[in-house]
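**Q** Below you'll find data-v6.cif; it's mmCIF, C-alpha atoms.
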```cif
data_start
loop_
_atom_site.label_atom_id
_atom_site.label_comp_id
_atom_site.auth_asym_id
_atom_site.auth_seq_id
_atom_site.Cartn_x
_atom_site.Cartn_y
_atom_site.Cartn_z
CA MET A 5 0.00 0.00 0.00
CA PRO A 6 1.53 3.39 -0.95
CA ALA A 7 2.61 5.45 2.03
CA LYS A 8 0.40 8.45 2.76
CA GLY A 9 1.91 11.88 3.02
CA LYS A 10 2.26 13.22 6.53
CA HIS A 11 -0.03 16.09 7.31
CA ARG A 12 0.46 18.75 10.00
CA ARG A 13 -2.52 19.31 12.26
CA PRO A 14 -4.11 22.61 11.30
CA LYS A 15 -3.46 25.26 13.90
CA SER A 16 -5.43 28.39 14.07
CA SER A 17 -4.58 31.46 16.07
CA SER A 18 -6.32 34.69 16.33
CA LEU A 19 -4.74 38.00 16.89
CA THR A 20 -6.90 40.73 18.17
CA ARG A 21 -5.73 44.18 18.00
CA GLY A 22 -7.55 46.84 19.88
CA ILE A 23 -7.65 50.22 18.34
CA ALA A 24 -9.08 52.84 20.66
CA ALA A 25 -10.44 56.17 19.57
CA ALA A 26 -11.05 58.72 22.31
CA GLY A 27 -12.73 62.07 22.16
CA THR A 28 -14.22 64.55 24.47
CA GLY A 29 -17.18 62.84 25.97
CA GLY A 30 -16.94 60.02 23.39
CA ALA A 31 -17.03 56.28 24.07
CA VAL A 32 -14.07 54.06 23.48
CA LEU A 33 -14.45 51.99 20.29
CA VAL A 34 -12.59 48.68 19.97
CA LEU A 35 -12.25 47.20 16.44
CA PRO A 36 -11.15 43.49 16.46
CA VAL A 37 -9.09 42.22 13.57
CA ILE A 38 -8.88 38.35 13.41
CA GLY A 39 -6.34 36.40 11.27
CA ALA A 40 -6.01 32.61 10.83
CA THR A 41 -3.32 30.26 9.52
CA ALA A 42 -4.15 27.22 7.34
CA ALA A 43 -2.25 23.88 7.15
CA THR A 44 -0.76 22.81 3.85
CA ALA A 45 -0.74 19.07 2.97
CA ALA A 46 2.54 17.52 1.92
CA PRO A 47 2.49 16.02 -1.58
CA ALA A 48 1.84 12.26 -1.78
CA ASP A 49 4.79 9.99 -2.56
CA ALA A 50 5.30 9.32 -6.23
CA ALA A 51 4.21 5.87 -7.37
CA ALA A 52 7.09 3.43 -7.71
CA LYS A 53 7.89 2.19 -11.17
CA PRO A 54 6.92 -1.46 -11.76
CA ALA A 55 9.84 -3.90 -11.86
CA ALA A 56 10.80 -5.18 -15.28
CA ALA A 57 9.67 -8.74 -16.01
CA PRO A 58 12.47 -11.34 -15.93
CA LYS A 59 13.72 -12.77 -19.23
CA THR A 60 13.93 -16.44 -20.14
CA TYR A 61 16.97 -17.86 -21.92
CA VAL A 62 17.38 -21.35 -23.41
CA VAL A 63 20.91 -22.72 -23.03
CA ALA A 64 22.70 -23.39 -26.33
CA ALA A 65 25.67 -25.66 -27.04
CA GLY A 66 28.93 -24.11 -25.82
CA ASP A 67 27.26 -21.84 -23.26
CA THR A 68 28.69 -21.26 -19.79
CA LEU A 69 27.18 -19.20 -16.98
CA SER A 70 29.96 -16.61 -17.33
CA LYS A 71 29.32 -16.34 -21.08
CA ILE A 72 25.58 -15.86 -20.56
CA VAL A 73 26.20 -13.17 -17.92
CA ARG A 74 28.63 -11.37 -20.24
CA GLU A 75 26.44 -11.49 -23.34
CA HIS A 76 23.31 -10.32 -21.49
CA SER A 77 25.07 -7.74 -19.28
CA LEU A 78 23.71 -9.30 -16.09
CA SER A 79 24.62 -7.89 -12.68
CA GLY A 80 25.90 -10.11 -9.87
CA GLY A 81 28.08 -12.36 -12.05
CA TRP A 82 27.70 -16.07 -12.74
CA LYS A 83 27.24 -16.89 -9.05
CA LYS A 84 24.00 -14.87 -8.87
CA LEU A 85 22.76 -16.40 -12.14
CA TYR A 86 23.49 -19.86 -10.70
CA GLN A 87 21.65 -19.10 -7.43
CA ASP A 88 18.63 -17.74 -9.33
CA ASN A 89 18.47 -20.98 -11.37
CA ARG A 90 19.80 -23.57 -8.91
CA ASP A 91 16.66 -25.73 -9.16
CA ALA A 92 17.14 -26.10 -12.92
CA LEU A 93 20.94 -26.38 -12.90
CA GLY A 94 21.39 -28.81 -10.01
CA GLY A 95 24.42 -29.01 -7.74
CA ASP A 96 27.20 -28.34 -10.28
CA PRO A 97 27.24 -24.89 -11.96
CA ALA A 98 29.75 -26.18 -14.52
CA LEU A 99 27.26 -28.69 -15.92
CA ILE A 100 24.75 -26.76 -18.01
CA HIS A 101 23.17 -28.59 -20.89
CA PRO A 102 21.53 -27.36 -24.10
CA GLY A 103 17.79 -26.97 -23.79
CA LEU A 104 17.72 -25.86 -20.13
CA LYS A 105 15.59 -22.75 -19.54
CA LEU A 106 17.18 -20.09 -17.32
CA THR A 107 15.67 -16.96 -15.80
CA LEU A 108 17.78 -13.84 -16.39
CA GLY A 109 17.19 -11.32 -13.62
CA GLU A 110 15.33 -11.48 -10.33
CA LYS A 111 11.71 -12.42 -10.14
CA ALA A 112 9.28 -9.51 -10.21
CA PRO A 113 8.15 -8.46 -6.70
CA ALA A 114 4.63 -9.42 -5.70
CA GLU A 115 2.05 -6.70 -6.15
CA ARG A 116 1.15 -4.79 -3.02
CA THR A 117 -2.47 -4.80 -1.88
CA ASP A 118 -4.46 -2.45 0.30
CA ARG A 119 -6.13 -3.46 3.54
CA SER A 120 -9.43 -4.39 1.95
CA GLU A 121 -7.70 -6.68 -0.58
CA ARG A 122 -5.68 -8.37 2.17
CA LYS A 123 -8.86 -8.84 4.19
CA ASP A 124 -10.64 -10.42 1.23
CA ALA A 125 -7.65 -12.66 0.54
CA SER A 126 -7.46 -13.86 4.15
CA ALA A 127 -11.18 -14.64 4.13
CA ALA A 128 -10.96 -16.67 0.92
CA LYS A 129 -10.49 -20.40 1.23
CA PRO A 130 -7.10 -21.68 0.02
CA ALA A 131 -7.26 -23.50 -3.31
CA SER A 132 -6.61 -27.21 -3.11
CA ALA A 133 -3.38 -28.47 -4.66
CA PRO A 134 -3.79 -30.31 -7.97
CA ALA A 135 -3.72 -34.08 -7.67
CA LYS A 136 -0.34 -35.64 -8.43
CA LYS A 137 -0.31 -37.46 -11.74
CA ALA A 138 -0.18 -41.23 -11.39
CA TYR A 139 1.94 -43.50 -13.59
CA THR A 140 1.81 -47.25 -13.98
CA ASN A 141 4.78 -49.18 -12.65
CA ASP A 142 5.77 -50.66 -15.98
CA LEU A 143 7.70 -49.68 -19.10
CA ASP A 144 4.83 -47.57 -20.43
CA GLY A 145 4.50 -45.66 -17.15
CA TRP A 146 8.26 -45.17 -16.78
CA ILE A 147 8.55 -43.68 -20.26
CA LYS A 148 5.54 -41.36 -19.76
CA GLU A 149 6.82 -40.12 -16.39
CA SER A 150 10.26 -39.52 -17.91
CA LEU A 151 8.74 -37.57 -20.80
CA ASP A 152 6.89 -35.27 -18.37
CA ILE A 153 10.11 -34.58 -16.44
CA MET A 154 12.00 -34.02 -19.69
CA ALA A 155 9.38 -31.53 -20.85
CA GLN A 156 9.83 -29.54 -17.63
CA ARG A 157 13.61 -29.49 -18.15
CA GLY A 158 13.57 -28.76 -21.87
CA ILE A 159 15.08 -32.14 -22.81
CA PRO A 160 13.90 -33.33 -26.25
CA GLY A 161 12.68 -36.85 -27.00
CA SER A 162 9.62 -38.85 -27.98
CA TYR A 163 7.91 -41.98 -26.68
CA GLU A 164 8.82 -43.87 -29.85
CA GLY A 165 12.50 -42.84 -29.70
CA ILE A 166 12.84 -43.85 -26.05
CA HIS A 167 10.96 -47.14 -26.45
CA ARG A 168 12.95 -48.13 -29.55
CA ASN A 169 16.30 -47.59 -27.83
CA ILE A 170 15.21 -49.34 -24.62
CA MET A 171 14.18 -52.46 -26.49
CA ARG A 172 17.56 -52.55 -28.29
CA GLU A 173 19.64 -51.88 -25.18
CA SER A 174 17.87 -53.89 -22.43
CA SER A 175 14.67 -55.46 -23.85
CA GLY A 176 12.81 -53.47 -21.18
CA ASN A 177 14.64 -54.97 -18.18
CA PRO A 178 15.45 -52.13 -15.70
CA LEU A 179 18.04 -54.34 -13.93
CA ALA A 180 19.96 -55.27 -17.08
CA THR A 181 23.77 -55.07 -16.70
CA ASN A 182 26.41 -55.50 -19.37
CA ASN A 183 29.36 -57.39 -17.88
CA TRP A 184 31.28 -58.22 -21.05
CA ASP A 185 31.99 -55.11 -23.17
CA VAL A 186 34.85 -52.61 -23.00
CA ASN A 187 33.07 -50.51 -20.37
CA ALA A 188 32.68 -53.52 -18.12
CA ALA A 189 36.38 -54.33 -18.61
CA ALA A 190 37.18 -50.78 -17.47
CA GLY A 191 35.09 -51.29 -14.32
CA THR A 192 32.10 -49.20 -15.40
CA PRO A 193 29.48 -51.63 -16.74
CA SER A 194 26.43 -50.31 -18.57
CA LYS A 195 23.29 -50.47 -16.44
CA GLY A 196 19.52 -50.17 -16.62
CA LEU A 197 16.94 -49.65 -19.33
CA LEU A 198 19.17 -47.52 -21.56
CA GLN A 199 22.48 -49.05 -20.48
CA VAL A 200 24.14 -45.98 -18.96
CA ILE A 201 27.61 -46.20 -17.39
CA ALA A 202 28.12 -44.58 -13.97
CA PRO A 203 30.21 -41.54 -15.11
CA THR A 204 27.60 -40.65 -17.75
CA PHE A 205 24.72 -41.12 -15.31
CA ASP A 206 26.40 -38.87 -12.73
CA ALA A 207 27.22 -36.16 -15.29
CA TYR A 208 23.73 -36.09 -16.86
CA HIS A 209 21.57 -36.99 -13.85
CA VAL A 210 18.38 -34.91 -13.88
CA PRO A 211 17.64 -33.19 -10.53
CA GLY A 212 14.50 -34.49 -8.85
CA THR A 213 15.01 -38.09 -9.99
CA SER A 214 16.58 -40.96 -8.05
CA LEU A 215 20.37 -41.16 -7.67
CA ASP A 216 20.12 -44.91 -8.33
CA SER A 217 21.08 -45.59 -11.96
CA PHE A 218 18.89 -48.72 -11.93
CA ASP A 219 15.81 -46.58 -11.20
CA PRO A 220 13.85 -46.69 -14.50
CA VAL A 221 12.85 -43.01 -14.62
CA ALA A 222 16.27 -41.74 -13.47
CA ASN A 223 17.98 -44.00 -16.02
CA ILE A 224 15.78 -42.85 -18.91
CA THR A 225 16.01 -39.11 -18.13
CA ALA A 226 19.80 -39.19 -17.65
CA ALA A 227 20.28 -41.14 -20.90
CA CYS A 228 18.00 -38.76 -22.83
CA ASN A 229 19.82 -35.76 -21.34
CA TYR A 230 23.12 -37.23 -22.52
CA ALA A 231 21.71 -38.07 -25.97
CA ALA A 232 20.35 -34.53 -26.34
CA ASP A 233 23.78 -33.09 -25.54
CA ARG A 234 25.64 -35.37 -27.94
CA TYR A 235 23.14 -36.19 -30.70
CA GLY A 236 20.44 -33.53 -30.38
CA SER A 237 17.82 -36.01 -29.14
CA ILE A 238 17.35 -39.64 -28.15
CA ASP A 239 15.23 -39.82 -31.32
CA ASN A 240 18.44 -39.49 -33.36
CA VAL A 241 20.01 -42.54 -31.72
CA ASN A 242 19.63 -45.73 -33.75
CA GLY A 243 22.50 -47.84 -32.48
CA PRO A 244 25.13 -48.01 -29.74
CA TYR A 245 25.70 -44.56 -28.29
#
```
Go through the file and emit its structure as structure tokens.
**A**
Amino acid sequence: MPAKGKHRRPKSSSLTRGIAAAGTGGAVLVLPVIGATAATAAPADAAAKPAAAPKTYVVAAGDTLSKIVREHSLSGGWKKLYQDNRDALGGDPALIHPGLKLTLGEKAPAERTDRSERKDASAAKPASAPAKKAYTNDLDGWIKESLDIMAQRGIPGSYEGIHRNIMRESSGNPLATNNWDVNAAAGTPSKGLLQVIAPTFDAYHVPGTSLDSFDPVANITAACNYAADRYGSIDNVNGPY
């Protein structure tokens, strides 16, 4: 609510001057003259300018937080940009992947309301939270849940592309492990639905999903994140990757 200007309490004072006229045998005549002062209101505070709406930027290949700050003339440096977008970027500011959506600039402040609006808002019943979407605990449900998470993170991919690669890599077995190829010989066997090795899973793990590489949804989203970075999309993968 805008602050009101302070007003001085009006003060009035009267000044009476007596002017006497005297004459031989005449009465004394007193003529009162009354003056008053009036209060002057201070001007109201000027309305504050509305904050500029934040901008959205989609990370491109080769971007770094420092590069984005420099090209968009952002204040606060890369550390502030990272803090503003920590939920999207995860725990490592050096790992930013193409397709991630970042907010450039602070969020706009909430609009101020007057007393009547606050009273109405407090009297209103809080809206119920939307029901959480349910997924079946099978390959179809795992792919659909992964696609919803990927959409929130800007990671490309389709149901058909994911399903096709899963069937080639693991035949739909979330516990599949490759113990015979070159990765296994190096001590990092490929695991899960899309056969992801541990270093790749750790580097492309999507925040909000399980840290267990055998978890179907975590495995799919990490593999699709990696495929998007290297091939543009999991849809472009048609063989070992």
**Q** Could you work out how far CA of Asn183 in chain A lies from CA of His209 in chain A, giving the answer in Å with one decimal?
**A**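 Here the two named atoms are 22.2 Å from each other.
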**Q** What separation in Å, quoted to one decimal, exists between CA of Leu151 in chain A and CA of Thr225 in chain A?
**A**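 Taking CA of Leu151 in chain A and CA of Thr225 in chain A, their separation equals 7.9 Å.
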**Q** Could you tell me which of A:Leu93, A:Val241, A:Leu69, A:Ala202 comes closest to Leu215 in chain A if we count all atoms listed in the file?
**A**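 Residue with the minimum atom-to-atom distance to Leu215 in chain A: A:Ala202.
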**Q** When the PyMOL selection byres ((chain A and resi 172) around 12) is applied to the structure above, which residues does it catch, written out as number ranges by chain?
**A** A: 165-171, 173-177, 180, 197-199, 241-245
**Q** So which one's closest to Gln87 in chain A, A:Thr107, A:Thr192, A:Ser150, A:Thr181? Using only C-alpha atoms, please.
**A**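 Ranked by minimum distance to Gln87 in chain A, first place goes to A:Thr107.
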**Q** Within 9 Å of Ala231 in chain A, counting all atoms listed in the file, which residues qualify if same-chain residues fewer than 5 places away don't, as JSON, numbers by chain?
**A** {"A": [226, 236, 237, 238, 239, 240, 241, 245]}
**Q** Restricting the calculation to all atoms listed in the file, which member of A:Tyr208, A:Tyr230, A:Phe218, A:Tyr61 is positioned closest to Leu99 in chain A?
**A** A:Tyr208
**Q** Starting from the structure just given, write a file holding range 60-82 of chain A with N, CA, C and O atoms, as a tab-separated table (two decimals), in the first residue's frame.
**A**
```tsv
chain	number	residue	atom	x	y	z
A	60	THR	N	13.64	-15.01	-20.10
A	60	THR	CA	13.93	-16.44	-20.14
A	60	THR	C	14.93	-16.70	-21.25
A	60	THR	O	14.82	-16.15	-22.34
A	61	TYR	N	15.93	-17.54	-20.94
A	61	TYR	CA	16.97	-17.86	-21.92
A	61	TYR	C	17.13	-19.38	-21.99
A	61	TYR	O	17.18	-20.06	-20.97
A	62	VAL	N	17.19	-19.91	-23.20
A	62	VAL	CA	17.38	-21.35	-23.41
A	62	VAL	C	18.86	-21.60	-23.71
A	62	VAL	O	19.42	-21.01	-24.63
A	63	VAL	N	19.48	-22.43	-22.90
A	63	VAL	CA	20.91	-22.72	-23.03
A	63	VAL	C	21.22	-23.36	-24.39
A	63	VAL	O	20.53	-24.28	-24.83
A	64	ALA	N	22.25	-22.85	-25.04
A	64	ALA	CA	22.70	-23.39	-26.33
A	64	ALA	C	24.03	-24.11	-26.14
A	64	ALA	O	24.70	-23.95	-25.12
A	65	ALA	N	24.40	-24.92	-27.11
A	65	ALA	CA	25.67	-25.66	-27.04
A	65	ALA	C	26.84	-24.69	-26.92
A	65	ALA	O	26.88	-23.66	-27.60
A	66	GLY	N	27.77	-24.96	-26.02
A	66	GLY	CA	28.93	-24.11	-25.82
A	66	GLY	C	28.74	-23.01	-24.80
A	66	GLY	O	29.67	-22.27	-24.49
A	67	ASP	N	27.52	-22.88	-24.25
A	67	ASP	CA	27.26	-21.84	-23.26
A	67	ASP	C	27.90	-22.18	-21.92
A	67	ASP	O	28.03	-23.35	-21.55
A	68	THR	N	28.30	-21.14	-21.20
A	68	THR	CA	28.69	-21.26	-19.79
A	68	THR	C	27.96	-20.14	-19.06
A	68	THR	O	27.47	-19.18	-19.69
A	69	LEU	N	27.87	-20.25	-17.73
A	69	LEU	CA	27.18	-19.20	-16.98
A	69	LEU	C	27.89	-17.86	-17.16
A	69	LEU	O	27.23	-16.82	-17.30
A	70	SER	N	29.21	-17.87	-17.16
A	70	SER	CA	29.96	-16.61	-17.33
A	70	SER	C	29.68	-16.00	-18.71
A	70	SER	O	29.52	-14.78	-18.84
A	71	LYS	N	29.58	-16.84	-19.73
A	71	LYS	CA	29.32	-16.34	-21.08
A	71	LYS	C	27.94	-15.73	-21.17
A	71	LYS	O	27.74	-14.66	-21.77
A	72	ILE	N	26.95	-16.38	-20.54
A	72	ILE	CA	25.58	-15.86	-20.56
A	72	ILE	C	25.51	-14.53	-19.83
A	72	ILE	O	24.87	-13.58	-20.30
A	73	VAL	N	26.18	-14.43	-18.68
A	73	VAL	CA	26.20	-13.17	-17.92
A	73	VAL	C	26.82	-12.06	-18.75
A	73	VAL	O	26.31	-10.93	-18.80
A	74	ARG	N	27.93	-12.38	-19.44
A	74	ARG	CA	28.63	-11.37	-20.24
A	74	ARG	C	27.80	-10.91	-21.43
A	74	ARG	O	27.68	-9.71	-21.69
A	75	GLU	N	27.18	-11.85	-22.13
A	75	GLU	CA	26.44	-11.49	-23.34
A	75	GLU	C	25.13	-10.75	-23.04
A	75	GLU	O	24.63	-10.01	-23.88
A	76	HIS	N	24.58	-10.97	-21.84
A	76	HIS	CA	23.31	-10.32	-21.49
A	76	HIS	C	23.48	-9.20	-20.47
A	76	HIS	O	22.50	-8.66	-19.97
A	77	SER	N	24.76	-8.85	-20.18
A	77	SER	CA	25.07	-7.74	-19.28
A	77	SER	C	24.32	-7.87	-17.95
A	77	SER	O	23.66	-6.94	-17.50
A	78	LEU	N	24.41	-9.04	-17.33
A	78	LEU	CA	23.71	-9.30	-16.09
A	78	LEU	C	24.56	-8.85	-14.90
A	78	LEU	O	25.76	-9.03	-14.89
A	79	SER	N	23.92	-8.31	-13.88
A	79	SER	CA	24.62	-7.89	-12.68
A	79	SER	C	24.73	-9.08	-11.73
A	79	SER	O	23.92	-9.99	-11.76
A	80	GLY	N	25.74	-9.05	-10.87
A	80	GLY	CA	25.90	-10.11	-9.87
A	80	GLY	C	26.79	-11.25	-10.30
A	80	GLY	O	27.12	-12.11	-9.49
A	81	GLY	N	27.18	-11.31	-11.58
A	81	GLY	CA	28.08	-12.36	-12.05
A	81	GLY	C	27.42	-13.72	-12.16
A	81	GLY	O	26.21	-13.88	-11.96
A	82	TRP	N	28.24	-14.73	-12.51
A	82	TRP	CA	27.70	-16.07	-12.74
A	82	TRP	C	27.16	-16.70	-11.47
A	82	TRP	O	26.24	-17.53	-11.53
```
